[in-house]
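**Q** File follows, query.pdb with PDB, C-alpha atoms, pLDDT in the B column:
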MODEL        1
ATOM      1  CA  MET A   1      43.178 -34.030  20.344  1.00 88.00           C
ATOM      2  CA  LEU A   2      39.851 -32.620  19.206  1.00 96.00           C
ATOM      3  CA  ASN A   3      39.962 -29.605  16.882  1.00 98.00           C
ATOM      4  CA  LEU A   4      36.777 -27.796  15.914  1.00 98.00           C
ATOM      5  CA  TYR A   5      36.792 -25.300  13.056  1.00 98.00           C
ATOM      6  CA  THR A   6      33.694 -23.146  13.263  1.00 98.00           C
ATOM      7  CA  THR A   7      32.144 -19.741  13.928  1.00 97.00           C
ATOM      8  CA  PRO A   8      29.291 -18.755  16.268  1.00 97.00           C
ATOM      9  CA  LEU A   9      28.115 -16.339  13.563  1.00 97.00           C
ATOM     10  CA  SER A  10      26.699 -19.358  11.733  1.00 97.00           C
ATOM     11  CA  ALA A  11      23.669 -21.364  12.853  1.00 98.00           C
ATOM     12  CA  ASN A  12      25.450 -24.607  11.985  1.00 98.00           C
ATOM     13  CA  GLY A  13      28.697 -23.383  13.475  1.00 98.00           C
ATOM     14  CA  ARG A  14      27.036 -22.375  16.718  1.00 98.00           C
ATOM     15  CA  LYS A  15      25.152 -25.621  17.251  1.00 98.00           C
ATOM     16  CA  VAL A  16      28.318 -27.750  17.372  1.00 98.00           C
ATOM     17  CA  LEU A  17      29.998 -25.262  19.695  1.00 98.00           C
ATOM     18  CA  ALA A  18      27.016 -25.461  22.026  1.00 98.00           C
ATOM     19  CA  VAL A  19      26.903 -29.263  21.892  1.00 98.00           C
ATOM     20  CA  SER A  20      30.593 -29.497  22.742  1.00 98.00           C
ATOM     21  CA  ARG A  21      30.099 -27.163  25.725  1.00 98.00           C
ATOM     22  CA  GLU A  22      26.995 -29.000  26.918  1.00 98.00           C
ATOM     23  CA  LEU A  23      28.970 -32.249  26.828  1.00 98.00           C
ATOM     24  CA  GLY A  24      31.758 -30.664  28.874  1.00 98.00           C
ATOM     25  CA  LEU A  25      34.301 -31.125  26.097  1.00 98.00           C
ATOM     26  CA  CYS A  26      37.250 -28.818  25.518  1.00 95.00           C
ATOM     27  CA  PRO A  27      38.174 -29.050  21.842  1.00 97.00           C
ATOM     28  CA  VAL A  28      40.680 -26.623  20.406  1.00 98.00           C
ATOM     29  CA  ILE A  29      38.457 -24.026  18.765  1.00 98.00           C
ATOM     30  CA  HIS A  30      39.596 -22.504  15.480  1.00 98.00           C
ATOM     31  CA  LEU A  31      37.350 -19.570  14.633  1.00 97.00           C
ATOM     32  CA  ILE A  32      36.963 -19.381  10.880  1.00 97.00           C
ATOM     33  CA  ASP A  33      34.971 -16.421   9.548  1.00 96.00           C
ATOM     34  CA  VAL A  34      33.919 -17.912   6.240  1.00 96.00           C
ATOM     35  CA  TYR A  35      31.902 -14.781   5.512  1.00 96.00           C
ATOM     36  CA  ARG A  36      35.109 -12.763   5.316  1.00 94.00           C
ATOM     37  CA  GLY A  37      36.980 -15.263   3.178  1.00 95.00           C
ATOM     38  CA  GLU A  38      38.831 -17.195   5.866  1.00 96.00           C
ATOM     39  CA  GLY A  39      37.433 -20.469   4.520  1.00 96.00           C
ATOM     40  CA  ARG A  40      39.334 -19.947   1.260  1.00 96.00           C
ATOM     41  CA  THR A  41      42.828 -19.679   2.691  1.00 96.00           C
ATOM     42  CA  ALA A  42      45.328 -22.363   1.699  1.00 97.00           C
ATOM     43  CA  GLU A  43      45.744 -23.302   5.354  1.00 95.00           C
ATOM     44  CA  TYR A  44      42.045 -23.943   5.875  1.00 97.00           C
ATOM     45  CA  LEU A  45      41.503 -25.622   2.515  1.00 97.00           C
ATOM     46  CA  ALA A  46      44.153 -28.140   3.565  1.00 96.00           C
ATOM     47  CA  VAL A  47      41.825 -29.048   6.442  1.00 96.00           C
ATOM     48  CA  ASN A  48      38.597 -28.899   4.478  1.00 95.00           C
ATOM     49  CA  PRO A  49      38.778 -28.615   0.682  1.00 95.00           C
ATOM     50  CA  SER A  50      35.151 -27.439   0.529  1.00 95.00           C
ATOM     51  CA  GLY A  51      36.050 -24.341   2.529  1.00 96.00           C
ATOM     52  CA  LYS A  52      32.940 -24.695   4.684  1.00 96.00           C
ATOM     53  CA  ILE A  53      32.386 -24.891   8.425  1.00 97.00           C
ATOM     54  CA  PRO A  54      32.025 -26.602  10.794  1.00 98.00           C
ATOM     55  CA  ILE A  55      34.695 -29.258  10.573  1.00 98.00           C
ATOM     56  CA  LEU A  56      35.809 -31.601  13.352  1.00 98.00           C
ATOM     57  CA  VAL A  57      39.286 -33.110  13.359  1.00 98.00           C
ATOM     58  CA  ASP A  58      39.887 -35.897  15.869  1.00 98.00           C
ATOM     59  CA  GLY A  59      43.414 -37.176  15.341  1.00 96.00           C
ATOM     60  CA  GLU A  60      43.457 -38.643  11.834  1.00 96.00           C
ATOM     61  CA  PHE A  61      39.657 -38.485  11.535  1.00 97.00           C
ATOM     62  CA  THR A  62      37.968 -35.506   9.877  1.00 97.00           C
ATOM     63  CA  LEU A  63      34.200 -34.994   9.841  1.00 98.00           C
ATOM     64  CA  ALA A  64      31.946 -32.411   8.190  1.00 97.00           C
ATOM     65  CA  GLU A  65      28.230 -31.616   8.581  1.00 97.00           C
ATOM     66  CA  SER A  66      27.015 -30.132  11.857  1.00 98.00           C
ATOM     67  CA  ASN A  67      24.500 -32.849  12.709  1.00 98.00           C
ATOM     68  CA  ALA A  68      27.014 -35.612  12.014  1.00 98.00           C
ATOM     69  CA  ILE A  69      29.562 -33.816  14.191  1.00 98.00           C
ATOM     70  CA  SER A  70      27.030 -33.553  17.019  1.00 98.00           C
ATOM     71  CA  ILE A  71      26.332 -37.288  16.841  1.00 98.00           C
ATOM     72  CA  TYR A  72      30.027 -38.103  16.849  1.00 98.00           C
ATOM     73  CA  LEU A  73      30.792 -35.845  19.817  1.00 98.00           C
ATOM     74  CA  ALA A  74      27.922 -37.252  21.857  1.00 98.00           C
ATOM     75  CA  GLU A  75      28.642 -40.873  21.009  1.00 98.00           C
ATOM     76  CA  VAL A  76      32.438 -40.988  21.002  1.00 98.00           C
ATOM     77  CA  HIS A  77      33.345 -38.303  23.519  1.00 98.00           C
ATOM     78  CA  GLY A  78      30.131 -37.731  25.478  1.00 98.00           C
ATOM     79  CA  ALA A  79      29.243 -41.215  26.719  1.00 97.00           C
ATOM     80  CA  TYR A  80      26.001 -40.919  24.696  1.00 98.00           C
ATOM     81  CA  HIS A  81      24.828 -37.884  26.691  1.00 98.00           C
ATOM     82  CA  LEU A  82      22.420 -35.855  24.487  1.00 98.00           C
ATOM     83  CA  TRP A  83      22.196 -38.983  22.293  1.00 98.00           C
ATOM     84  CA  SER A  84      21.007 -42.438  23.390  1.00 97.00           C
ATOM     85  CA  ARG A  85      22.011 -46.072  23.616  1.00 97.00           C
ATOM     86  CA  ASP A  86      18.347 -47.013  23.220  1.00 97.00           C
ATOM     87  CA  ALA A  87      17.525 -47.627  19.553  1.00 97.00           C
ATOM     88  CA  PRO A  88      13.974 -46.181  19.519  1.00 97.00           C
ATOM     89  CA  VAL A  89      15.063 -43.020  21.332  1.00 97.00           C
ATOM     90  CA  ARG A  90      18.130 -42.695  19.150  1.00 97.00           C
ATOM     91  CA  SER A  91      15.963 -43.073  16.041  1.00 98.00           C
ATOM     92  CA  ARG A  92      13.567 -40.388  17.258  1.00 98.00           C
ATOM     93  CA  ILE A  93      16.485 -38.010  17.738  1.00 98.00           C
ATOM     94  CA  ALA A  94      17.812 -38.881  14.285  1.00 98.00           C
ATOM     95  CA  GLN A  95      14.370 -38.218  12.813  1.00 98.00           C
ATOM     96  CA  TRP A  96      14.571 -34.615  14.017  1.00 98.00           C
ATOM     97  CA  LEU A  97      18.122 -34.253  12.681  1.00 98.00           C
ATOM     98  CA  PHE A  98      16.981 -35.313   9.203  1.00 98.00           C
ATOM     99  CA  TRP A  99      13.945 -33.023   9.464  1.00 98.00           C
ATOM    100  CA  GLU A 100      16.143 -30.112  10.436  1.00 98.00           C
ATOM    101  CA  SER A 101      18.470 -30.494   7.465  1.00 98.00           C
ATOM    102  CA  SER A 102      15.843 -31.353   4.846  1.00 98.00           C
ATOM    103  CA  GLN A 103      12.936 -29.093   5.841  1.00 98.00           C
ATOM    104  CA  TRP A 104      13.538 -26.693   8.733  1.00 98.00           C
ATOM    105  CA  GLN A 105      16.814 -25.111   7.693  1.00 98.00           C
ATOM    106  CA  PRO A 106      15.957 -24.754   3.967  1.00 97.00           C
ATOM    107  CA  ALA A 107      12.586 -23.138   4.713  1.00 97.00           C
ATOM    108  CA  LEU A 108      14.077 -20.666   7.190  1.00 97.00           C
ATOM    109  CA  SER A 109      17.036 -19.908   4.960  1.00 97.00           C
ATOM    110  CA  ALA A 110      14.625 -18.891   2.218  1.00 95.00           C
ATOM    111  CA  ILE A 111      13.110 -16.071   4.300  1.00 96.00           C
ATOM    112  CA  LEU A 112      16.144 -15.092   6.387  1.00 97.00           C
ATOM    113  CA  SER A 113      18.953 -15.042   3.830  1.00 96.00           C
ATOM    114  CA  GLU A 114      18.675 -11.339   2.999  1.00 96.00           C
ATOM    115  CA  LEU A 115      18.564 -10.206   6.631  1.00 96.00           C
ATOM    116  CA  VAL A 116      21.366 -12.539   7.693  1.00 97.00           C
ATOM    117  CA  GLY A 117      23.480 -11.584   4.704  1.00 96.00           C
ATOM    118  CA  HIS A 118      23.051  -7.880   5.360  1.00 97.00           C
ATOM    119  CA  ARG A 119      24.023  -8.189   9.018  1.00 96.00           C
ATOM    120  CA  LEU A 120      27.066 -10.255   8.133  1.00 96.00           C
ATOM    121  CA  LEU A 121      28.200  -8.093   5.222  1.00 96.00           C
ATOM    122  CA  PRO A 122      26.440  -4.717   5.421  1.00 95.00           C
ATOM    123  CA  ASP A 123      28.985  -3.177   3.053  1.00 95.00           C
ATOM    124  CA  LYS A 124      28.148  -5.708   0.323  1.00 94.00           C
ATOM    125  CA  ILE A 125      24.568  -6.870   0.830  1.00 95.00           C
ATOM    126  CA  PRO A 126      21.797  -4.225   0.966  1.00 95.00           C
ATOM    127  CA  ARG A 127      19.269  -3.995   3.758  1.00 93.00           C
ATOM    128  CA  PRO A 128      16.143  -6.086   3.054  1.00 94.00           C
ATOM    129  CA  ARG A 129      13.227  -4.090   1.709  1.00 91.00           C
ATOM    130  CA  SER A 130      10.763  -6.013   3.869  1.00 92.00           C
ATOM    131  CA  ALA A 131      10.690  -8.067   7.048  1.00 92.00           C
ATOM    132  CA  PRO A 132      10.852 -11.880   6.873  1.00 94.00           C
ATOM    133  CA  ASP A 133       7.503 -13.456   6.001  1.00 93.00           C
ATOM    134  CA  TRP A 134       6.788 -15.631   9.006  1.00 96.00           C
ATOM    135  CA  ASN A 135       3.362 -16.469   7.575  1.00 91.00           C
ATOM    136  CA  SER A 136       4.661 -18.263   4.498  1.00 88.00           C
ATOM    137  CA  GLY A 137       2.908 -21.540   3.766  1.00 88.00           C
ATOM    138  CA  PRO A 138       5.887 -23.902   4.079  1.00 88.00           C
ATOM    139  CA  LEU A 139       6.833 -22.422   7.441  1.00 94.00           C
ATOM    140  CA  GLN A 140       3.312 -22.680   8.832  1.00 94.00           C
ATOM    141  CA  ALA A 141       3.343 -26.466   8.471  1.00 96.00           C
ATOM    142  CA  LEU A 142       6.734 -26.722  10.174  1.00 97.00           C
ATOM    143  CA  PHE A 143       5.750 -24.498  13.084  1.00 97.00           C
ATOM    144  CA  LYS A 144       2.505 -26.421  13.504  1.00 97.00           C
ATOM    145  CA  LEU A 145       4.497 -29.645  13.851  1.00 98.00           C
ATOM    146  CA  LEU A 146       6.822 -28.066  16.416  1.00 98.00           C
ATOM    147  CA  GLU A 147       3.955 -26.487  18.338  1.00 98.00           C
ATOM    148  CA  ASN A 148       2.042 -29.769  18.529  1.00 98.00           C
ATOM    149  CA  THR A 149       5.136 -31.712  19.585  1.00 98.00           C
ATOM    150  CA  LEU A 150       6.256 -29.240  22.232  1.00 98.00           C
ATOM    151  CA  SER A 151       2.784 -28.767  23.663  1.00 98.00           C
ATOM    152  CA  SER A 152       3.029 -32.183  25.308  1.00 97.00           C
ATOM    153  CA  GLN A 153       6.741 -32.481  26.104  1.00 98.00           C
ATOM    154  CA  SER A 154       9.642 -30.298  27.127  1.00 98.00           C
ATOM    155  CA  PHE A 155      12.047 -31.157  24.335  1.00 98.00           C
ATOM    156  CA  LEU A 156      11.840 -32.496  20.804  1.00 98.00           C
ATOM    157  CA  ALA A 157      12.575 -36.132  21.608  1.00 97.00           C
ATOM    158  CA  GLY A 158      10.786 -36.204  24.966  1.00 97.00           C
ATOM    159  CA  GLU A 159      11.579 -34.841  28.397  1.00 97.00           C
ATOM    160  CA  GLU A 160      15.352 -34.913  27.991  1.00 97.00           C
ATOM    161  CA  LEU A 161      17.512 -32.395  26.169  1.00 98.00           C
ATOM    162  CA  THR A 162      19.221 -33.974  23.140  1.00 98.00           C
ATOM    163  CA  ILE A 163      21.278 -33.002  20.135  1.00 98.00           C
ATOM    164  CA  ALA A 164      17.973 -32.745  18.259  1.00 98.00           C
ATOM    165  CA  ASP A 165      17.196 -29.617  20.253  1.00 98.00           C
ATOM    166  CA  PHE A 166      20.556 -28.065  19.491  1.00 98.00           C
ATOM    167  CA  SER A 167      20.150 -28.959  15.822  1.00 98.00           C
ATOM    168  CA  VAL A 168      16.749 -27.306  15.461  1.00 98.00           C
ATOM    169  CA  ALA A 169      17.799 -24.417  17.711  1.00 98.00           C
ATOM    170  CA  GLY A 170      20.647 -23.590  15.352  1.00 98.00           C
ATOM    171  CA  MET A 171      18.491 -21.496  13.024  1.00 98.00           C
ATOM    172  CA  THR A 172      16.775 -19.797  15.964  1.00 98.00           C
ATOM    173  CA  THR A 173      20.088 -17.958  16.379  1.00 97.00           C
ATOM    174  CA  TYR A 174      18.597 -15.395  13.994  1.00 97.00           C
ATOM    175  CA  PHE A 175      15.077 -15.225  15.459  1.00 97.00           C
ATOM    176  CA  ARG A 176      15.415 -12.168  17.666  1.00 95.00           C
ATOM    177  CA  ALA A 177      17.162 -10.180  14.959  1.00 96.00           C
ATOM    178  CA  ALA A 178      14.379 -11.208  12.572  1.00 96.00           C
ATOM    179  CA  ASP A 179      11.490 -10.327  14.941  1.00 96.00           C
ATOM    180  CA  PHE A 180      10.118 -13.835  15.190  1.00 97.00           C
ATOM    181  CA  PRO A 181       6.492 -13.732  16.488  1.00 96.00           C
ATOM    182  CA  PHE A 182       7.029 -15.717  19.674  1.00 96.00           C
ATOM    183  CA  HIS A 183       3.515 -14.924  20.932  1.00 96.00           C
ATOM    184  CA  THR A 184       2.024 -16.886  18.042  1.00 96.00           C
ATOM    185  CA  TYR A 185       3.669 -20.145  19.123  1.00 97.00           C
ATOM    186  CA  PRO A 186       3.543 -20.455  22.936  1.00 98.00           C
ATOM    187  CA  ALA A 187       4.910 -24.009  23.120  1.00 98.00           C
ATOM    188  CA  VAL A 188       7.769 -23.200  20.750  1.00 98.00           C
ATOM    189  CA  SER A 189       8.430 -20.054  22.780  1.00 98.00           C
ATOM    190  CA  ARG A 190       8.651 -22.026  26.046  1.00 98.00           C
ATOM    191  CA  TRP A 191      11.049 -24.489  24.413  1.00 98.00           C
ATOM    192  CA  TYR A 192      13.128 -21.595  23.103  1.00 97.00           C
ATOM    193  CA  ASP A 193      13.315 -20.160  26.626  1.00 97.00           C
ATOM    194  CA  ARG A 194      14.633 -23.512  27.893  1.00 98.00           C
ATOM    195  CA  ILE A 195      17.331 -23.501  25.228  1.00 98.00           C
ATOM    196  CA  GLU A 196      18.303 -19.895  25.937  1.00 97.00           C
ATOM    197  CA  ALA A 197      18.594 -20.707  29.645  1.00 98.00           C
ATOM    198  CA  LEU A 198      21.396 -23.203  28.943  1.00 98.00           C
ATOM    199  CA  ASP A 199      24.883 -21.937  29.738  1.00 98.00           C
ATOM    200  CA  SER A 200      26.164 -23.737  26.645  1.00 98.00           C
ATOM    201  CA  TRP A 201      23.763 -21.789  24.448  1.00 98.00           C
ATOM    202  CA  ARG A 202      24.280 -18.378  26.066  1.00 97.00           C
ATOM    203  CA  GLU A 203      28.061 -18.748  25.948  1.00 97.00           C
ATOM    204  CA  THR A 204      28.001 -19.349  22.203  1.00 97.00           C
ATOM    205  CA  ALA A 205      25.799 -16.374  21.315  1.00 97.00           C
ATOM    206  CA  ALA A 206      27.186 -13.838  18.843  1.00 96.00           C
ATOM    207  CA  PRO A 207      26.230 -10.213  19.661  1.00 95.00           C
ATOM    208  CA  LEU A 208      25.522  -9.655  15.964  1.00 95.00           C
ATOM    209  CA  TRP A 209      22.240 -11.547  16.310  1.00 96.00           C
ATOM    210  CA  SER A 210      20.793  -9.644  19.256  1.00 90.00           C
ATOM    211  CA  ALA A 211      17.474  -7.932  18.621  1.00 74.00           C
TER     212      ALA A 211
ENDMDL
END
Turn the structure described in the file into structure tokens.

**A**
Amino acid sequence: MLNLYTTPLSANGRKVLAVSRELGLCPVIHLIDVYRGEGRTAEYLAVNPSGKIPILVDGEFTLAESNAISIYLAEVHGAYHLWSRDAPVRSRIAQWLFWESSQWQPALSAILSELVGHRLLPDKIPRPRSAPDWNSGPLQALFKLLENTLSSQSFLAGEELTIADFSVAGMTTYFRAADFPFHTYPAVSRWYDRIEALDSWRETAAPLWSA
């Protein structure tokens, strides 16, 4: 039996929830609010000693890291839907997964951490003094890459939706709350609309991140 420990409040937590729904899977969902200390309980630490989410437990097999979980779900339980049996396509998807974890998420975390923290824990983390700087240099290069890629194709790896899209979309969970300038990036905006139109994405939205 599949067990998924996660929370839709988290970008990484949401992406694996959405992937599992898009694949038509029905794992047992254990909602763990790590922001309120639920990741430090003895019960949860017995599942994952790091206290982080998400975590997938499939029988005797336990797996951490959201992108790795997405690959596993698509390959082992999804008949390679959202993934691929074709090596070049699979490698292109993997390229975006590595990019997301090494560049996209760190750059966005740097400008969104205060806003996200305040919304999650308003009694502990003060309201940011300024809005996120969407014009920061590191972000400009990343958005240029996305804009160029999505100007000629519907999704990150081509014309088919893949786990790469869910991976990169994870951090967009916070975009409306952070007043992302959608008008500046029309191709990214169109892609974002395609993601938001998915039932799997809408069903995993947390009201906390509405505009």

**Q** Evaluate the PyMOL selection byres ((chain A and resi 128) around 8) and record the selected residues as JSON, numbers by chain, following the chain and residue labels used in the document.

**A** {"A": [114, 115, 118, 126, 127, 129, 130, 131]}

**Q** Can you tell me, as a ChimeraX atom specification, which residues sit within 12 Å of (19.5, -33.0, 19.7) in the file's frame, using all atoms listed in the file?

**A** /A:15-16,18-19,22-23,66-71,73-74,80-84,89-100,155-170,195

**Q** Which of these residues is nearest to A:Leu108, using only C-alpha atoms: A:Asp86, A:Asp133, A:Asp123, A:Asp179?

**A**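 So, comparing all the options, the nearest one is A:Asp133.
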
**Q** Find the residue from A:Ile32, A:Cys26, A:Leu2, A:Ala87 that sits nearest to A:Phe61; use only C-alpha atoms when measuring.

**A** A:Leu2

**Q** Just say which residues the PyMOL selection byres ((chain A and resi 110) around 12) picks in this file, as a list in words.

**A**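 In the shown coordinates, the PyMOL selection byres ((chain A and resi 110) around 12) covers Gln103, Trp104, Gln105, Pro106, Ala107, Leu108, Ser109, Ile111, Leu112, Ser113, Glu114, Leu115, Val116, Gly117, Pro132, Asp133, Trp134, Ser136, Pro138, Leu139 and Met171 of chain A.
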
**Q** What's the separation between atom CA of A:Thr173 and atom CA of A:Ala11, in Å to one decimal place?

**A**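 Calculated distance between atom CA of A:Thr173 and atom CA of A:Ala11 is 6.1 Å.
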
**Q** Give the answer as one residue: which of A:Phe175, A:Leu146, A:Arg85, A:Tyr5 has the shortest atom-to-atom distance to A:Leu45, using only C-alpha atoms?

**A** A:Tyr5

**Q** Enter the distance from atom CA of A:Glu75 to atom CA of A:Leu63, in Å, rounded to one decimal.

**A**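 Straight-line distance from atom CA of A:Glu75 to atom CA of A:Leu63 works out to 13.8 Å.
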
**Q** With distances taken over all atoms listed in the file, which residue among A:Glu65, A:Gly51, A:Leu25, A:Ser152 lies nearest A:Arg190?

**A**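 Using all atoms listed in the file, A:Arg190 sits closest to A:Ser152.
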